[in-house]
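**Student:** Before I ask anything, here is the structure I am working with.
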Amino acid sequence: MVQLTKVNKYFGDLHVLRDIDLSVGSGEVVVVIGPSGSGKSTLCRTINRLEPIDSGEIRIDGQPLPAEGRALAQLRADVGMVFQSFNLFAHKTVLENVTLGPIKVRKKPKGDAEEKAMQLLRRVGVANQATKYPAQLSGGQQQRVAIARALAMEPKVILFDEPTSALDPEMIKEVLDVMVDLARGGMTMVVVTHEMGFARNAADRVVFMSDGQILEDRTPEEFFDAPRTDRAKDFLSKIL
Ligand code: ADP
Ligand code: MG
């Protein structure tokens, strides 16, 4: 579903992604971990072309990433993204946040979009907040709305960039529970997170990044029980 081949990216002199090879199969859940500054967010942003790459190739469902125009808009619609900071539209209600993309980009009739949105809001447990504005919700509720908004586009893959890092501790579980439910339901997911419990429970593979490189790409059991590289051992000793 997602295939990166020899992807390189620079910010000026900083070589932020180095020869990245990564493939994520349909229904697979890949957790990306690594120290701050190792390139995890940049990796996510290149996958839906929020950031251009300097060399290499990215394919989504077999299709190369288009550079611009309608083809790019279509591709972005296939690649959902959930950010650390929720990024809901502040001046729109919860329901409008979830229906906007399907109506504008997918050209769904408003009634259909609203019906689907309410189903998704029920699925993530915030249907009773549908007429409220984001600022009236807790962080955990806002992030669950952001997940419903991503799902409403019927994406082929969803990228999560530290989706629980901005949440108070008591709200982390309610968001992780929704993500585990999605993972078990067969959604293709790339998840940058420091939640090692999620990685162990829900990931098919753990990718460890350091200094723009993928140093390990293995099952959670293999990775956590016997990390191969010193960088990974060092990282795990600090967070576990
Ligand atoms: P991570 O998500 O793993 O913490 P990032 O992908 O955010 O890492 O950043 C990787 C490196 O690229 C860091 O050194 C960061 O400072 C740098 N970087 C990220 N975004 C930009 C940008 N827009 N311009 C210049 N440097 C950037
Ligand atoms: Mg980051």
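Chain lettering (A, B, ...) mirrors the order of the structure tokens, residue numbering begins at 1 for each chain separately, and ligand numbering begins at 1 in order of display.
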Could you list, as a list of chain:residue names, all residues that come within 8 Å of ligand 2? Count only C-alpha atoms and all ligand atoms.

**Tutor:**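 What falls inside 8 Å of ligand 2 is A:Ser36, A:Gly37, A:Gly39, A:Lys40, A:Ser41, A:Thr42, A:Asp161, A:Glu162, A:Val192.
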
**Student:** Give me, as JSON, numbers by chain, the set of residues whose atoms come within 10 Å of any atom of ligand 1, counting only C-alpha atoms and all ligand atoms.

**Tutor:** {"A": [9, 10, 11, 12, 13, 14, 15, 16, 17, 32, 33, 34, 35, 36, 37, 38, 39, 40, 41, 42, 43, 44, 45, 46, 51, 161, 162, 192, 193, 209, 210, 211, 212]}

**Student:** Could you find all residues in stretch 95-194 of chain A that DSSP calls alpha helix (DSSP H) from the backbone, and write them as a short mmCIF file (atom, residue, chain, number, x, y, z; two decimals) with C-alpha atoms, in the first residue's frame?

**Tutor:**
data_model
loop_
_atom_site.label_atom_id
_atom_site.label_comp_id
_atom_site.auth_asym_id
_atom_site.auth_seq_id
_atom_site.Cartn_x
_atom_site.Cartn_y
_atom_site.Cartn_z
CA LEU A 95 -19.85 17.28 12.51
CA GLU A 96 -18.69 19.88 9.95
CA ASN A 97 -15.06 18.94 10.62
CA VAL A 98 -15.86 15.36 9.65
CA THR A 99 -18.10 16.11 6.64
CA LEU A 100 -16.06 18.87 5.00
CA GLY A 101 -13.54 16.64 3.18
CA PRO A 102 -16.06 14.07 1.94
CA ILE A 103 -18.31 16.86 0.58
CA LYS A 104 -15.56 19.05 -0.95
CA LYS A 110 -24.30 16.37 2.33
CA GLY A 111 -26.90 13.97 3.75
CA ASP A 112 -24.75 10.91 3.01
CA ALA A 113 -21.67 12.61 4.40
CA GLU A 114 -23.51 13.48 7.63
CA GLU A 115 -24.89 9.99 8.05
CA LYS A 116 -21.43 8.46 7.59
CA ALA A 117 -19.90 11.09 9.91
CA MET A 118 -22.34 10.25 12.69
CA GLN A 119 -21.51 6.55 12.34
CA LEU A 120 -17.81 7.35 12.66
CA LEU A 121 -18.34 9.70 15.59
CA ARG A 122 -20.25 6.90 17.32
CA ARG A 123 -17.41 4.50 16.55
CA GLY A 139 -7.96 16.94 24.03
CA GLY A 140 -8.81 13.25 23.92
CA GLN A 141 -12.20 13.98 22.40
CA GLN A 142 -10.65 16.33 19.83
CA GLN A 143 -8.13 13.70 18.80
CA ARG A 144 -10.89 11.12 18.40
CA VAL A 145 -12.75 13.60 16.17
CA ALA A 146 -9.54 14.01 14.15
CA ILE A 147 -9.43 10.24 13.69
CA ALA A 148 -13.09 10.19 12.61
CA ARG A 149 -12.30 13.01 10.17
CA ALA A 150 -9.46 11.00 8.67
CA LEU A 151 -11.64 7.87 8.40
CA ALA A 152 -14.45 9.82 6.72
CA PRO A 169 -2.23 11.08 30.71
CA GLU A 170 -5.81 10.13 31.50
CA MET A 171 -6.83 10.78 27.88
CA ILE A 172 -4.12 8.77 26.20
CA LYS A 173 -5.86 5.44 26.64
CA GLU A 174 -9.15 6.54 25.08
CA VAL A 175 -7.28 7.54 21.92
CA LEU A 176 -5.06 4.44 21.88
CA ASP A 177 -8.15 2.24 22.29
CA VAL A 178 -9.62 3.75 19.12
CA MET A 179 -6.33 3.17 17.30
CA VAL A 180 -6.13 -0.45 18.45
CA ASP A 181 -9.71 -0.93 17.24
CA LEU A 182 -8.73 0.46 13.81
CA ALA A 183 -5.63 -1.73 13.68
CA ARG A 184 -7.64 -4.85 14.49
#

**Student:** How many Å separate atom CA of A:Gln136 from atom CA of A:Leu88?

**Tutor:**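 Here the two named atoms are 12.1 Å from each other.
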
**Student:** As a count of residues only, please: the residues near stretch 18-27 of chain A (cut-off 9 Å, only C-alpha atoms, same-chain neighbours under 6 positions excluded).

**Tutor:** 30

**Student:** Quick one: distance from atom CA of A:Arg218 to atom CA of A:Phe160 in Å, one decimal?

**Tutor:**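 Straight-line distance from atom CA of A:Arg218 to atom CA of A:Phe160 works out to 19.2 Å.
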
**Student:** Would you compute the distance between atom CA of A:Val30 and atom CA of A:Gly80? Give it in Å to one decimal.

**Tutor:**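 Rounded to one decimal, the two atoms are 14.8 Å apart.
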
**Student:** Can you list, as a list of chain:residue names, every protein, DNA or RNA residue that comes within 10 Å of A:Ala73 when you count only C-alpha atoms, leaving out same-chain residues fewer than 6 positions away?

**Tutor:**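 The contact residues come out as A:Asn48, A:Pro66, A:Ala67, A:Val105.
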
**Student:** Select, from A:Arg49, A:Arg228, A:Lys233, A:Lys132, the residue with the minimum atom-to-atom distance to A:Val79, counting only C-alpha atoms.

**Tutor:** A:Arg49
